[in-house]
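**Student:** Quick one: the structure is below, and I'll ask about it shortly.
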Amino acid sequence: ELKNIIKNKVYSTSNFTHVRISIKYAVPSDAQKANKWIEDGYIKDVVEDLHYSSFSYSWSYNDAGTINIKMSFKF
């Protein structure tokens, strides 16, 4: 689910050199799984077909079930 949310946000942003996403999970365990997925670096798989020269991201996660992601691309 998180993969689709990220991909849709990146591809729907007209100027996607900087993309911010905030996701509030109703179930904290789902947020924990999503956080682990990001922590393991799988977020790079979502944007691999964008042909960027560099990509960086940061994220925060809180116990209330919210994940905030910031991504930056250079082309």
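Going by the structure tokens order, chains are called A, B, ..., each with residues numbered from 1, while ligands are numbered from 1 in the order shown.
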Set the distance at 10 Å and use only C-alpha atoms: which residues neighbour region 4-8 of chain A once local chain neighbours fewer than 2 positions away are removed? I'd like the list as JSON, numbers by chain.

**Tutor:** {"A": [1, 2, 10, 11, 12, 13, 19, 20, 21, 22, 23, 43, 45, 46, 47, 69, 71]}

**Student:** Running DSSP on the backbone, which parts of region 28-57 of chain A land in alpha helix (DSSP H), as a list of chain:residue names?

**Tutor:**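 Those in region 28-57 of chain A that DSSP calls alpha helix (DSSP H) are A:Pro28, A:Ser29, A:Asp30, A:Ala31, A:Gln32, A:Lys33, A:Ala34, A:Asn35, A:Lys36, A:Trp37, A:Ile38, A:Glu39, A:Ile43, A:Lys44, A:Asp45, A:Val46.
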
**Student:** Skip region 26-29 of chain A itself and residues of its chain fewer than 2 positions away, then list as a VMD selection string all residues within 8 Å of it, counting only C-alpha atoms.

**Tutor:** chain A and resid 24 31 to 33 63 to 65

**Student:** With only C-alpha atoms as the atoms that count, which of A:Tyr25, A:Ser56, A:Tyr61, A:Ile67 lies nearest to Gly41 (chain A)?

**Tutor:** A:Ser56

**Student:** Please return, as a list in words, all residues of chain A that DSSP assigns to strand (DSSP E) on the basis of the backbone.

**Tutor:**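 Filtering chain A down to strand (DSSP E) leaves His18, Val19, Arg20, Ile21, Ser22, Ile23, Lys24, Ser54, Phe55, Ser56, Tyr57, Ser58, Trp59, Ser60, Tyr61, Thr66, Ile67, Asn68, Ile69, Lys70, Met71, Ser72, Phe73 and Lys74 of chain A.
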
**Student:** My list of candidates is A:Asp30, A:Phe73, A:Asn68, A:Asn35. Which is closest to Leu50 (chain A) when distances are computed with only C-alpha atoms?

**Tutor:**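 Of A:Asp30, A:Phe73, A:Asn68, A:Asn35, the one nearest Leu50 (chain A), counting only C-alpha atoms, is A:Phe73.
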
**Student:** Calculate how many Å separate CA of Ala34 (chain A) from CA of Phe55 (chain A), rounding to one decimal.

**Tutor:**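 The value is 19.7 Å.
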